[in-house]
>>> print(open('data_10.pdb').read())   # PDB, C-alpha atoms and all ligand atoms
ATOM      1  CA  MET A   1     141.024 154.324 143.142  1.00  0.00           C
ATOM      2  CA  LYS A   2     137.495 153.083 142.749  1.00  0.00           C
ATOM      3  CA  ASN A   3     134.592 154.535 140.903  1.00  0.00           C
ATOM      4  CA  ILE A   4     132.359 157.115 142.559  1.00  0.00           C
ATOM      5  CA  ARG A   5     128.628 157.514 142.675  1.00  0.00           C
ATOM      6  CA  PHE A   6     127.049 160.948 142.219  1.00  0.00           C
ATOM      7  CA  GLY A   7     123.260 160.930 142.285  1.00  0.00           C
ATOM      8  CA  SER A   8     122.437 157.880 140.199  1.00  0.00           C
ATOM      9  CA  VAL A   9     125.568 158.226 138.055  1.00  0.00           C
ATOM     10  CA  GLU A  10     128.412 155.811 138.616  1.00  0.00           C
ATOM     11  CA  ARG A  11     131.721 156.770 137.044  1.00  0.00           C
ATOM     12  CA  ASP A  12     135.106 155.170 136.577  1.00  0.00           C
ATOM     13  CA  PRO A  13     137.861 157.756 136.608  1.00  0.00           C
ATOM     14  CA  ASP A  14     140.263 158.767 133.884  1.00  0.00           C
ATOM     15  CA  VAL A  15     143.596 158.312 135.627  1.00  0.00           C
ATOM     16  CA  ARG A  16     146.509 160.691 135.032  1.00  0.00           C
ATOM     17  CA  MET A  17     149.719 158.669 135.192  1.00  0.00           C
ATOM     18  CA  LEU A  18     153.243 159.839 135.932  1.00  0.00           C
ATOM     19  CA  ASP A  19     154.270 158.643 132.457  1.00  0.00           C
ATOM     20  CA  GLU A  20     152.155 161.465 130.947  1.00  0.00           C
ATOM     21  CA  MET A  21     153.917 164.116 133.030  1.00  0.00           C
ATOM     22  CA  ARG A  22     157.548 163.070 133.500  1.00  0.00           C
ATOM     23  CA  ASP A  23     158.924 165.906 131.384  1.00  0.00           C
ATOM     24  CA  LEU A  24     156.784 168.493 133.210  1.00  0.00           C
ATOM     25  CA  LEU A  25     158.344 168.024 136.647  1.00  0.00           C
ATOM     26  CA  LEU A  26     160.950 170.104 138.471  1.00  0.00           C
ATOM     27  CA  ASP A  27     162.908 167.148 139.843  1.00  0.00           C
ATOM     28  CA  GLN A  28     164.178 165.323 136.786  1.00  0.00           C
ATOM     29  CA  ASP A  29     166.190 162.809 138.856  1.00  0.00           C
ATOM     30  CA  PHE A  30     162.884 161.659 140.347  1.00  0.00           C
ATOM     31  CA  ALA A  31     160.978 162.013 137.071  1.00  0.00           C
ATOM     32  CA  GLN A  32     163.255 159.765 135.059  1.00  0.00           C
ATOM     33  CA  ASP A  33     163.750 157.081 137.758  1.00  0.00           C
ATOM     34  CA  ALA A  34     160.382 156.683 139.501  1.00  0.00           C
ATOM     35  CA  ASP A  35     158.065 153.802 138.655  1.00  0.00           C
ATOM     36  CA  ASN A  36     155.013 154.759 136.661  1.00  0.00           C
ATOM     37  CA  GLN A  37     152.183 155.516 139.082  1.00  0.00           C
ATOM     38  CA  PRO A  38     148.759 157.154 139.199  1.00  0.00           C
ATOM     39  CA  LEU A  39     148.816 160.832 140.200  1.00  0.00           C
ATOM     40  CA  TYR A  40     145.163 161.869 140.097  1.00  0.00           C
ATOM     41  CA  TYR A  41     141.701 160.692 139.160  1.00  0.00           C
ATOM     42  CA  MET A  42     139.233 162.603 136.973  1.00  0.00           C
ATOM     43  CA  TYR A  43     135.510 161.805 137.206  1.00  0.00           C
ATOM     44  CA  ARG A  44     133.908 163.597 134.281  1.00  0.00           C
ATOM     45  CA  ASP A  45     130.315 164.508 133.528  1.00  0.00           C
ATOM     46  CA  LEU A  46     128.602 163.971 136.873  1.00  0.00           C
ATOM     47  CA  TYR A  47     125.001 164.995 137.477  1.00  0.00           C
ATOM     48  CA  ARG A  48     121.866 164.269 139.410  1.00  0.00           C
ATOM     49  CA  ASP A  49     119.137 162.927 137.122  1.00  0.00           C
ATOM     50  CA  GLU A  50     116.855 165.913 137.642  1.00  0.00           C
ATOM     51  CA  HIS A  51     119.569 168.227 136.272  1.00  0.00           C
ATOM     52  CA  LEU A  52     120.661 166.248 133.220  1.00  0.00           C
ATOM     53  CA  GLU A  53     118.422 168.085 130.746  1.00  0.00           C
ATOM     54  CA  THR A  54     119.496 171.501 132.022  1.00  0.00           C
ATOM     55  CA  ILE A  55     123.149 170.490 131.895  1.00  0.00           C
ATOM     56  CA  ARG A  56     122.899 169.247 128.296  1.00  0.00           C
ATOM     57  CA  GLU A  57     120.818 172.253 127.136  1.00  0.00           C
ATOM     58  CA  ASN A  58     123.396 174.630 128.561  1.00  0.00           C
ATOM     59  CA  ASP A  59     126.460 172.829 127.138  1.00  0.00           C
ATOM     60  CA  ILE A  60     128.149 172.560 130.507  1.00  0.00           C
ATOM     61  CA  ARG A  61     129.800 169.766 132.498  1.00  0.00           C
ATOM     62  CA  PHE A  62     130.459 169.063 136.174  1.00  0.00           C
ATOM     63  CA  ASP A  63     133.618 167.069 136.960  1.00  0.00           C
ATOM     64  CA  VAL A  64     135.326 165.953 140.149  1.00  0.00           C
ATOM     65  CA  THR A  65     139.082 165.385 140.470  1.00  0.00           C
ATOM     66  CA  VAL A  66     140.749 163.519 143.344  1.00  0.00           C
ATOM     67  CA  MET A  67     144.476 163.947 143.969  1.00  0.00           C
ATOM     68  CA  PRO A  68     146.123 162.135 146.900  1.00  0.00           C
ATOM     69  CA  PRO A  69     149.015 163.951 148.587  1.00  0.00           C
ATOM     70  CA  LYS A  70     152.379 163.043 147.125  1.00  0.00           C
ATOM     71  CA  LYS A  71     155.925 164.280 146.711  1.00  0.00           C
ATOM     72  CA  LEU A  72     157.287 164.062 143.197  1.00  0.00           C
ATOM     73  CA  GLY A  73     160.878 164.209 144.375  1.00  0.00           C
ATOM     74  CA  ARG A  74     161.421 167.849 145.381  1.00  0.00           C
ATOM     75  CA  GLU A  75     158.105 168.998 143.917  1.00  0.00           C
ATOM     76  CA  LEU A  76     154.517 168.728 145.206  1.00  0.00           C
ATOM     77  CA  VAL A  77     152.045 166.671 143.204  1.00  0.00           C
ATOM     78  CA  LYS A  78     150.094 168.740 140.670  1.00  0.00           C
ATOM     79  CA  THR A  79     147.831 168.505 137.644  1.00  0.00           C
ATOM     80  CA  LYS A  80     149.363 168.541 134.184  1.00  0.00           C
ATOM     81  CA  GLY A  81     147.924 171.963 133.374  1.00  0.00           C
ATOM     82  CA  HIS A  82     146.325 173.345 130.235  1.00  0.00           C
ATOM     83  CA  TYR A  83     144.836 176.324 128.437  1.00  0.00           C
ATOM     84  CA  HIS A  84     141.380 176.621 126.865  1.00  0.00           C
ATOM     85  CA  PRO A  85     140.577 177.635 123.274  1.00  0.00           C
ATOM     86  CA  GLU A  86     138.605 180.774 122.398  1.00  0.00           C
ATOM     87  CA  ALA A  87     134.853 180.912 122.957  1.00  0.00           C
ATOM     88  CA  ARG A  88     134.662 184.171 120.981  1.00  0.00           C
ATOM     89  CA  LYS A  89     137.402 185.993 119.103  1.00  0.00           C
ATOM     90  CA  GLY A  90     140.004 186.964 121.671  1.00  0.00           C
ATOM     91  CA  VAL A  91     138.038 185.544 124.617  1.00  0.00           C
ATOM     92  CA  PRO A  92     138.952 181.989 125.679  1.00  0.00           C
ATOM     93  CA  TYR A  93     136.619 179.831 127.766  1.00  0.00           C
ATOM     94  CA  PRO A  94     136.825 180.397 131.536  1.00  0.00           C
ATOM     95  CA  GLU A  95     136.170 177.771 134.234  1.00  0.00           C
ATOM     96  CA  ILE A  96     135.281 177.590 137.914  1.00  0.00           C
ATOM     97  CA  TYR A  97     136.691 175.228 140.531  1.00  0.00           C
ATOM     98  CA  GLU A  98     135.681 174.385 144.080  1.00  0.00           C
ATOM     99  CA  VAL A  99     137.799 172.709 146.728  1.00  0.00           C
ATOM    100  CA  MET A 100     135.527 170.071 148.286  1.00  0.00           C
ATOM    101  CA  ALA A 101     138.172 168.699 150.686  1.00  0.00           C
ATOM    102  CA  GLY A 102     141.834 169.337 151.304  1.00  0.00           C
ATOM    103  CA  GLU A 103     144.076 172.262 150.396  1.00  0.00           C
ATOM    104  CA  ALA A 104     145.240 173.503 147.022  1.00  0.00           C
ATOM    105  CA  HIS A 105     147.191 176.131 145.206  1.00  0.00           C
ATOM    106  CA  TYR A 106     145.824 177.112 141.804  1.00  0.00           C
ATOM    107  CA  LEU A 107     148.624 178.464 139.621  1.00  0.00           C
ATOM    108  CA  LEU A 108     147.043 180.690 136.968  1.00  0.00           C
ATOM    109  CA  GLN A 109     149.162 182.064 134.135  1.00  0.00           C
ATOM    110  CA  GLU A 110     148.041 184.389 131.368  1.00  0.00           C
ATOM    111  CA  LYS A 111     149.485 183.532 127.992  1.00  0.00           C
ATOM    112  CA  ASP A 112     150.967 186.363 125.957  1.00  0.00           C
ATOM    113  CA  ARG A 113     151.360 186.475 122.193  1.00  0.00           C
ATOM    114  CA  GLY A 114     155.006 185.474 122.241  1.00  0.00           C
ATOM    115  CA  GLY A 115     154.313 182.124 123.895  1.00  0.00           C
ATOM    116  CA  GLY A 116     155.354 183.429 127.314  1.00  0.00           C
ATOM    117  CA  VAL A 117     153.216 184.637 130.190  1.00  0.00           C
ATOM    118  CA  SER A 118     152.167 188.177 131.090  1.00  0.00           C
ATOM    119  CA  ASP A 119     150.705 187.487 134.551  1.00  0.00           C
ATOM    120  CA  VAL A 120     151.044 184.671 137.081  1.00  0.00           C
ATOM    121  CA  VAL A 121     148.989 184.340 140.260  1.00  0.00           C
ATOM    122  CA  VAL A 122     148.672 181.607 142.856  1.00  0.00           C
ATOM    123  CA  VAL A 123     145.289 181.241 144.567  1.00  0.00           C
ATOM    124  CA  SER A 124     145.305 179.527 147.980  1.00  0.00           C
ATOM    125  CA  ALA A 125     142.101 177.541 148.413  1.00  0.00           C
ATOM    126  CA  ASN A 126     140.604 175.420 151.176  1.00  0.00           C
ATOM    127  CA  SER A 127     137.374 173.472 151.520  1.00  0.00           C
ATOM    128  CA  GLY A 128     134.448 175.536 150.212  1.00  0.00           C
ATOM    129  CA  ASP A 129     136.558 178.051 148.316  1.00  0.00           C
ATOM    130  CA  LYS A 130     135.682 178.744 144.679  1.00  0.00           C
ATOM    131  CA  VAL A 131     138.395 179.634 142.177  1.00  0.00           C
ATOM    132  CA  ILE A 132     137.431 181.316 138.895  1.00  0.00           C
ATOM    133  CA  ILE A 133     139.818 180.735 135.986  1.00  0.00           C
ATOM    134  CA  PRO A 134     139.573 183.918 133.895  1.00  0.00           C
ATOM    135  CA  PRO A 135     139.644 183.723 130.076  1.00  0.00           C
ATOM    136  CA  GLY A 136     143.177 183.260 128.777  1.00  0.00           C
ATOM    137  CA  TYR A 137     144.690 181.813 131.938  1.00  0.00           C
ATOM    138  CA  GLY A 138     146.327 178.389 131.884  1.00  0.00           C
ATOM    139  CA  HIS A 139     145.869 176.557 135.159  1.00  0.00           C
ATOM    140  CA  ILE A 140     147.659 173.977 137.269  1.00  0.00           C
ATOM    141  CA  THR A 141     146.388 172.655 140.615  1.00  0.00           C
ATOM    142  CA  ILE A 142     148.878 171.701 143.322  1.00  0.00           C
ATOM    143  CA  ASN A 143     147.933 169.585 146.357  1.00  0.00           C
ATOM    144  CA  THR A 144     149.617 171.546 149.149  1.00  0.00           C
ATOM    145  CA  GLY A 145     148.058 169.566 152.012  1.00  0.00           C
ATOM    146  CA  ARG A 146     148.767 166.305 153.765  1.00  0.00           C
ATOM    147  CA  LYS A 147     145.365 164.964 152.845  1.00  0.00           C
ATOM    148  CA  ARG A 148     143.558 163.944 149.700  1.00  0.00           C
ATOM    149  CA  LEU A 149     142.501 166.912 147.588  1.00  0.00           C
ATOM    150  CA  LYS A 150     138.987 166.630 146.191  1.00  0.00           C
ATOM    151  CA  MET A 151     137.893 169.369 143.832  1.00  0.00           C
ATOM    152  CA  ALA A 152     135.066 170.014 141.402  1.00  0.00           C
ATOM    153  CA  ASN A 153     134.713 172.156 138.305  1.00  0.00           C
ATOM    154  CA  TRP A 154     131.923 173.573 136.140  1.00  0.00           C
ATOM    155  CA  VAL A 155     133.107 174.095 132.587  1.00  0.00           C
ATOM    156  CA  SER A 156     131.759 174.413 129.043  1.00  0.00           C
ATOM    157  CA  SER A 157     131.311 171.080 127.252  1.00  0.00           C
ATOM    158  CA  ARG A 158     132.074 172.727 123.882  1.00  0.00           C
ATOM    159  CA  PHE A 159     135.860 172.415 123.821  1.00  0.00           C
ATOM    160  CA  ASP A 160     138.891 170.214 124.433  1.00  0.00           C
ATOM    161  CA  SER A 161     141.692 171.551 126.617  1.00  0.00           C
ATOM    162  CA  ILE A 162     145.022 172.582 125.071  1.00  0.00           C
ATOM    163  CA  TYR A 163     147.997 170.809 126.660  1.00  0.00           C
ATOM    164  CA  GLY A 164     150.661 171.639 124.060  1.00  0.00           C
ATOM    165  CA  ASP A 165     151.870 174.995 125.398  1.00  0.00           C
ATOM    166  CA  ILE A 166     152.600 173.684 128.874  1.00  0.00           C
ATOM    167  CA  GLU A 167     154.115 170.484 127.468  1.00  0.00           C
ATOM    168  CA  GLU A 168     156.496 172.523 125.313  1.00  0.00           C
ATOM    169  CA  LYS A 169     157.569 174.613 128.306  1.00  0.00           C
ATOM    170  CA  LYS A 170     157.930 171.507 130.485  1.00  0.00           C
ATOM    171  CA  GLY A 171     155.476 172.715 133.111  1.00  0.00           C
ATOM    172  CA  GLY A 172     153.948 175.944 134.318  1.00  0.00           C
ATOM    173  CA  ALA A 173     155.869 179.171 134.825  1.00  0.00           C
ATOM    174  CA  TYR A 174     156.607 178.150 138.433  1.00  0.00           C
ATOM    175  CA  TYR A 175     157.117 174.859 140.257  1.00  0.00           C
ATOM    176  CA  GLU A 176     156.141 174.517 143.944  1.00  0.00           C
ATOM    177  CA  THR A 177     158.580 172.541 146.061  1.00  0.00           C
ATOM    178  CA  ILE A 178     157.805 170.323 149.049  1.00  0.00           C
ATOM    179  CA  ALA A 179     159.262 173.160 151.169  1.00  0.00           C
ATOM    180  CA  GLY A 180     156.567 175.506 149.794  1.00  0.00           C
ATOM    181  CA  GLU A 181     158.940 177.548 147.652  1.00  0.00           C
ATOM    182  CA  PHE A 182     158.146 178.589 144.117  1.00  0.00           C
ATOM    183  CA  ILE A 183     160.891 178.052 141.579  1.00  0.00           C
ATOM    184  CA  GLN A 184     160.747 179.740 138.216  1.00  0.00           C
ATOM    185  CA  ASN A 185     160.679 177.483 135.171  1.00  0.00           C
ATOM    186  CA  GLN A 186     163.703 178.501 133.087  1.00  0.00           C
ATOM    187  CA  ASN A 187     161.973 177.487 129.849  1.00  0.00           C
ATOM    188  CA  TYR A 188     159.939 180.705 130.090  1.00  0.00           C
ATOM    189  CA  SER A 189     161.581 184.057 129.449  1.00  0.00           C
ATOM    190  CA  ASP A 190     160.566 187.236 131.277  1.00  0.00           C
ATOM    191  CA  VAL A 191     158.266 185.631 133.837  1.00  0.00           C
ATOM    192  CA  PRO A 192     156.427 188.179 135.993  1.00  0.00           C
ATOM    193  CA  GLU A 193     156.739 187.890 139.747  1.00  0.00           C
ATOM    194  CA  LEU A 194     154.254 185.458 141.242  1.00  0.00           C
ATOM    195  CA  ARG A 195     151.317 187.218 142.937  1.00  0.00           C
ATOM    196  CA  PRO A 196     149.721 185.356 145.869  1.00  0.00           C
ATOM    197  CA  VAL A 197     145.958 186.046 145.950  1.00  0.00           C
ATOM    198  CA  GLU A 198     142.864 184.854 147.796  1.00  0.00           C
ATOM    199  CA  PRO A 199     139.752 183.272 146.244  1.00  0.00           C
ATOM    200  CA  GLU A 200     137.093 185.812 145.256  1.00  0.00           C
ATOM    201  CA  GLU A 201     133.353 185.415 145.736  1.00  0.00           C
ATOM    202  CA  VAL A 202     130.823 186.647 143.166  1.00  0.00           C
ATOM    203  CA  PRO A 203     127.598 186.820 145.195  1.00  0.00           C
ATOM    204  CA  ASP A 204     125.588 188.107 142.200  1.00  0.00           C
ATOM    205  CA  LEU A 205     126.173 184.708 140.547  1.00  0.00           C
ATOM    206  CA  GLY A 206     125.760 182.671 143.727  1.00  0.00           C
ATOM    207  CA  ILE A 207     129.512 182.033 143.888  1.00  0.00           C
ATOM    208  CA  VAL A 208     129.998 182.063 147.661  1.00  0.00           C
ATOM    209  CA  GLU A 209     132.004 179.921 150.023  1.00  0.00           C
ATOM    210  CA  GLU A 210     129.086 178.483 151.975  1.00  0.00           C
ATOM    211  CA  GLU A 211     127.123 177.224 148.957  1.00  0.00           C
ATOM    212  CA  PRO A 212     128.226 173.942 147.303  1.00  0.00           C
ATOM    213  CA  MET A 213     129.149 174.752 143.716  1.00  0.00           C
ATOM    214  CA  TYR A 214     127.093 171.943 142.198  1.00  0.00           C
ATOM    215  CA  ASN A 215     123.984 173.842 143.327  1.00  0.00           C
ATOM    216  CA  MET A 216     124.696 176.559 140.742  1.00  0.00           C
ATOM    217  CA  ILE A 217     122.779 174.317 138.331  1.00  0.00           C
ATOM    218  CA  GLU A 218     119.605 175.388 140.128  1.00  0.00           C
ATOM    219  CA  SER A 219     120.129 178.827 138.509  1.00  0.00           C
ATOM    220  CA  PRO A 220     121.769 177.900 135.189  1.00  0.00           C
ATOM    221  CA  GLU A 221     121.856 181.559 134.082  1.00  0.00           C
ATOM    222  CA  ASN A 222     124.580 181.956 136.710  1.00  0.00           C
ATOM    223  CA  LEU A 223     126.729 179.515 134.705  1.00  0.00           C
ATOM    224  CA  ALA A 224     126.198 181.313 131.370  1.00  0.00           C
ATOM    225  CA  PHE A 225     129.610 182.966 131.764  1.00  0.00           C
ATOM    226  CA  LEU A 226     131.189 179.585 130.916  1.00  0.00           C
ATOM    227  CA  ASN A 227     129.983 179.714 127.290  1.00  0.00           C
ATOM    228  CA  ARG A 228     129.509 183.464 126.841  1.00  0.00           C
ATOM    229  CA  PRO A 229     132.462 184.987 128.694  1.00  0.00           C
ATOM    230  CA  GLU A 230     132.393 188.108 126.508  1.00  0.00           C
ATOM    231  CA  LYS A 231     129.148 189.118 128.222  1.00  0.00           C
ATOM    232  CA  PHE A 232     130.604 188.788 131.712  1.00  0.00           C
ATOM    233  CA  GLU A 233     133.558 191.135 131.645  1.00  0.00           C
ATOM    234  CA  TRP A 234     132.387 192.496 135.006  1.00  0.00           C
ATOM    235  CA  VAL A 235     133.098 189.096 136.576  1.00  0.00           C
ATOM    236  CA  PHE A 236     136.671 188.876 135.325  1.00  0.00           C
ATOM    237  CA  GLU A 237     137.948 192.430 135.580  1.00  0.00           C
ATOM    238  CA  ASP A 238     139.737 193.131 138.853  1.00  0.00           C
ATOM    239  CA  LEU A 239     139.243 189.480 139.858  1.00  0.00           C
ATOM    240  CA  TYR A 240     142.679 188.935 141.413  1.00  0.00           C
TER     241      TYR A 240
HETATM  242 FE    FE B   1     140.521 173.865 132.485  1.00  0.00          FE
END
>>> encode(input="data_10.pdb", output="structure tokens")
Amino acid sequence: MKNIRFGSVERDPDVRMLDEMRDLLLDQDFAQDADNQPLYYMYRDLYRDEHLETIRENDIRFDVTVMPPKKLGRELVKTKGHYHPEARKGVPYPEIYEVMAGEAHYLLQEKDRGGGVSDVVVVSANSGDKVIIPPGYGHITINTGRKRLKMANWVSSRFDSIYGDIEEKKGGAYYETIAGEFIQNQNYSDVPELRPVEPEEVPDLGIVEEEPMYNMIESPENLAFLNRPEKFEWVFEDLY
């Protein structure tokens, strides 16, 4: 996969390889036999020159991820998945995604204190849809379409993602098969039933289907929830 140009920025991708995810897959026959191969491409820190100062001042980052369609044995191709650390005591950093092309399921799972999960939802998203990751929810993106999935995210630049929890559990709380079924990951105990939900708009912050998400930088106060989630409880409560 080649580099992409965004405004005047040219970026080579970070490439997520199968070798980094073999233990996190449903189909272990496939996982242990398949040749190492690229699964998805992450283009981090994209901007148009006129927005660079605003982006840096606000400690935020715009990334694009490209994931070609693929079957990983019996399971659909997916991201590795991670949690975020806390922005304030008890309030982890949130995130917002946009599907730019293709179809995706966003598996969101709320971590509980015992290392398990207290809530699991799957958000079905198509081109233009925005998906808010509420504080405390680990997230995995699954390419459910036959075409390349291209998605973007706005996120705080103040933290590194936490991969350990999902690595220890060998994946998210559910795996999605190529037949579209969700199979519970037996490494979790007491997993709640999966709740299918639709993407939610937040018009007060300019989070609407018809507006490209990059344009939120024109009103950076609308992205303040990424670094100060404790002040935006109204966005997250009753979200899904
Ligand atoms: Fe994230």
>>> resolve_selection(input="data_10.pdb", expression="the PyMOL selection byres (((not hetatm)) within 12 of (chain B and resi 1))", output="ChimeraX atom specification")
/A:61-63,65,79-85,92-97,106-108,131-141,152-157,159-163,226
>>> write_last_selection(input="data_10.pdb", atoms="C-alpha atoms", output="short mmCIF file (atom, residue, chain, number, x, y, z; two decimals), in the frame of the given file")
data_model
loop_
_atom_site.label_atom_id
_atom_site.label_comp_id
_atom_site.auth_asym_id
_atom_site.auth_seq_id
_atom_site.Cartn_x
_atom_site.Cartn_y
_atom_site.Cartn_z
CA ARG A 61 129.80 169.77 132.50
CA PHE A 62 130.46 169.06 136.17
CA ASP A 63 133.62 167.07 136.96
CA THR A 65 139.08 165.38 140.47
CA THR A 79 147.83 168.50 137.64
CA LYS A 80 149.36 168.54 134.18
CA GLY A 81 147.92 171.96 133.37
CA HIS A 82 146.32 173.34 130.24
CA TYR A 83 144.84 176.32 128.44
CA HIS A 84 141.38 176.62 126.86
CA PRO A 85 140.58 177.64 123.27
CA PRO A 92 138.95 181.99 125.68
CA TYR A 93 136.62 179.83 127.77
CA PRO A 94 136.82 180.40 131.54
CA GLU A 95 136.17 177.77 134.23
CA ILE A 96 135.28 177.59 137.91
CA TYR A 97 136.69 175.23 140.53
CA TYR A 106 145.82 177.11 141.80
CA LEU A 107 148.62 178.46 139.62
CA LEU A 108 147.04 180.69 136.97
CA VAL A 131 138.40 179.63 142.18
CA ILE A 132 137.43 181.32 138.90
CA ILE A 133 139.82 180.74 135.99
CA PRO A 134 139.57 183.92 133.90
CA PRO A 135 139.64 183.72 130.08
CA GLY A 136 143.18 183.26 128.78
CA TYR A 137 144.69 181.81 131.94
CA GLY A 138 146.33 178.39 131.88
CA HIS A 139 145.87 176.56 135.16
CA ILE A 140 147.66 173.98 137.27
CA THR A 141 146.39 172.66 140.62
CA ALA A 152 135.07 170.01 141.40
CA ASN A 153 134.71 172.16 138.30
CA TRP A 154 131.92 173.57 136.14
CA VAL A 155 133.11 174.10 132.59
CA SER A 156 131.76 174.41 129.04
CA SER A 157 131.31 171.08 127.25
CA PHE A 159 135.86 172.42 123.82
CA ASP A 160 138.89 170.21 124.43
CA SER A 161 141.69 171.55 126.62
CA ILE A 162 145.02 172.58 125.07
CA TYR A 163 148.00 170.81 126.66
CA LEU A 226 131.19 179.58 130.92
#
>>> residues_around(input="data_10.pdb", residues="A:Asp19", least_positions_apart="2", cutoff="9 Å", atoms="only C-alpha atoms", output="list in words")
Arg16, Met17, Met21, Arg22, Asp23, Ala31, Asp35, Asn36, Gln37 and Pro38 of chain A
>>> residues_around(input="data_10.pdb", residues="stretch 118-122 of chain A", least_positions_apart="5", cutoff="6 Å", atoms="only C-alpha atoms", output="MDAnalysis selection string")
chainID A and resid 106:110 112 192 194:196
>>> write_last_selection(input="data_10.pdb", atoms="C-alpha atoms", output="PDB file, keeping the file's coordinate frame")
ATOM      1  CA  TYR A 106     145.824 177.112 141.804  1.00  0.00           C
ATOM      2  CA  LEU A 107     148.624 178.464 139.621  1.00  0.00           C
ATOM      3  CA  LEU A 108     147.043 180.690 136.968  1.00  0.00           C
ATOM      4  CA  GLN A 109     149.162 182.064 134.135  1.00  0.00           C
ATOM      5  CA  GLU A 110     148.041 184.389 131.368  1.00  0.00           C
ATOM      6  CA  ASP A 112     150.967 186.363 125.957  1.00  0.00           C
ATOM      7  CA  PRO A 192     156.427 188.179 135.993  1.00  0.00           C
ATOM      8  CA  LEU A 194     154.254 185.458 141.242  1.00  0.00           C
ATOM      9  CA  ARG A 195     151.317 187.218 142.937  1.00  0.00           C
ATOM     10  CA  PRO A 196     149.721 185.356 145.869  1.00  0.00           C
TER      11      PRO A 196
END
>>> closest_residue(input="data_10.pdb", among="A:Leu205, A:Leu25, A:Leu239, A:Ile60", to="A:Asn227", atoms="only C-alpha atoms")
A:Ile60
>>> closest_residue(input="data_10.pdb", among="A:Phe225, A:Tyr240, A:Phe182, A:Tyr41", to="A:Val64", atoms="only C-alpha atoms")
A:Tyr41
>>> residues_around(input="data_10.pdb", residues="A:Glu209", least_positions_apart="3", cutoff="7 Å", atoms="all atoms listed in the file", output="MDAnalysis selection string")
chainID A and resid 128:130
>>> atom_distance(input="data_10.pdb", atom1="atom CA of A:Gly171", atom2="atom CA of A:Arg148")
22.2 Å
>>> resolve_selection(input="data_10.pdb", expression="the PyMOL selection byres (((chain A and resi 68) around 10) and not hetatm)", output="compact mmCIF listing (two decimals) with C-alpha atoms, in the coordinates of the input")
# COMPACT_ATOMS: atom_id res chain seq x y z
CA PRO A 38 148.76 157.15 139.20
CA LEU A 39 148.82 160.83 140.20
CA TYR A 40 145.16 161.87 140.10
CA TYR A 41 141.70 160.69 139.16
CA VAL A 66 140.75 163.52 143.34
CA MET A 67 144.48 163.95 143.97
CA PRO A 69 149.01 163.95 148.59
CA LYS A 70 152.38 163.04 147.12
CA VAL A 77 152.04 166.67 143.20
CA LYS A 78 150.09 168.74 140.67
CA GLY A 102 141.83 169.34 151.30
CA ASN A 143 147.93 169.58 146.36
CA GLY A 145 148.06 169.57 152.01
CA ARG A 146 148.77 166.30 153.76
CA LYS A 147 145.36 164.96 152.84
CA ARG A 148 143.56 163.94 149.70
CA LEU A 149 142.50 166.91 147.59
CA LYS A 150 138.99 166.63 146.19
>>> residues_around(input="data_10.pdb", residues="A:Tyr188", least_positions_apart="6", cutoff="9 Å", atoms="all atoms listed in the file", output="list of chain:residue names")
A:Gly115, A:Gly116, A:Val117, A:Lys169, A:Gly172, A:Ala173
>>> atom_distance(input="data_10.pdb", atom1="atom CA of A:Tyr175", atom2="atom CA of A:Ser127")
22.8 Å
>>> resolve_selection(input="data_10.pdb", expression="the PyMOL selection byres (((chain A and resi 46-51) around 6) and not hetatm)", output="tab-separated table (two decimals) with C-alpha atoms, in the coordinates of the input")
chain	number	residue	atom	x	y	z
A	7	GLY	CA	123.26	160.93	142.28
A	44	ARG	CA	133.91	163.60	134.28
A	45	ASP	CA	130.32	164.51	133.53
A	52	LEU	CA	120.66	166.25	133.22
A	53	GLU	CA	118.42	168.08	130.75
A	54	THR	CA	119.50	171.50	132.02
A	62	PHE	CA	130.46	169.06	136.17
A	63	ASP	CA	133.62	167.07	136.96
>>> axis_aligned_box(input="data_10.pdb", around="stretch 50-64 of chain A", padding_each_side="5 Å", output="JSON")
{"center_x": 126.1, "center_y": 170.3, "center_z": 133.6, "size_x": 28.5, "size_y": 18.7, "size_z": 23.0}
>>> closest_residue(input="data_10.pdb", among="A:Phe232, A:Tyr43, A:Tyr214, A:Tyr174", to="A:Glu10", atoms="all atoms listed in the file")
A:Tyr43
>>> closest_residue(input="data_10.pdb", among="A:Asn58, A:Pro229, A:Asp14, A:Leu26", to="A:Gln186", atoms="all atoms listed in the file")
A:Leu26
>>> atom_distance(input="data_10.pdb", atom1="atom CA of A:Glu103", atom2="atom CA of A:Arg74")
18.6 Å
>>> build_atoms(input="data_10.pdb", residues="stretch 100-106 of chain A", atoms="N, CA and C atoms", output="CSV table (one decimal), in the frame of the given file")
chain,number,residue,atom,x,y,z
A,100,MET,N,136.5,170.8,147.5
A,100,MET,CA,135.5,170.1,148.3
A,100,MET,C,136.2,169.5,149.6
A,101,ALA,N,137.4,169.2,149.5
A,101,ALA,CA,138.2,168.7,150.7
A,101,ALA,C,139.7,168.9,150.4
A,102,GLY,N,140.4,169.2,151.5
A,102,GLY,CA,141.8,169.3,151.3
A,102,GLY,C,142.3,170.8,151.1
A,103,GLU,N,143.5,170.9,150.6
A,103,GLU,CA,144.1,172.3,150.4
A,103,GLU,C,144.8,172.3,149.0
A,104,ALA,N,144.6,173.4,148.4
A,104,ALA,CA,145.2,173.5,147.0
A,104,ALA,C,145.8,174.9,146.8
A,105,HIS,N,146.8,174.9,145.9
A,105,HIS,CA,147.2,176.1,145.2
A,105,HIS,C,146.8,176.0,143.7
A,106,TYR,N,146.1,177.0,143.2
A,106,TYR,CA,145.8,177.1,141.8
A,106,TYR,C,146.8,178.1,141.2
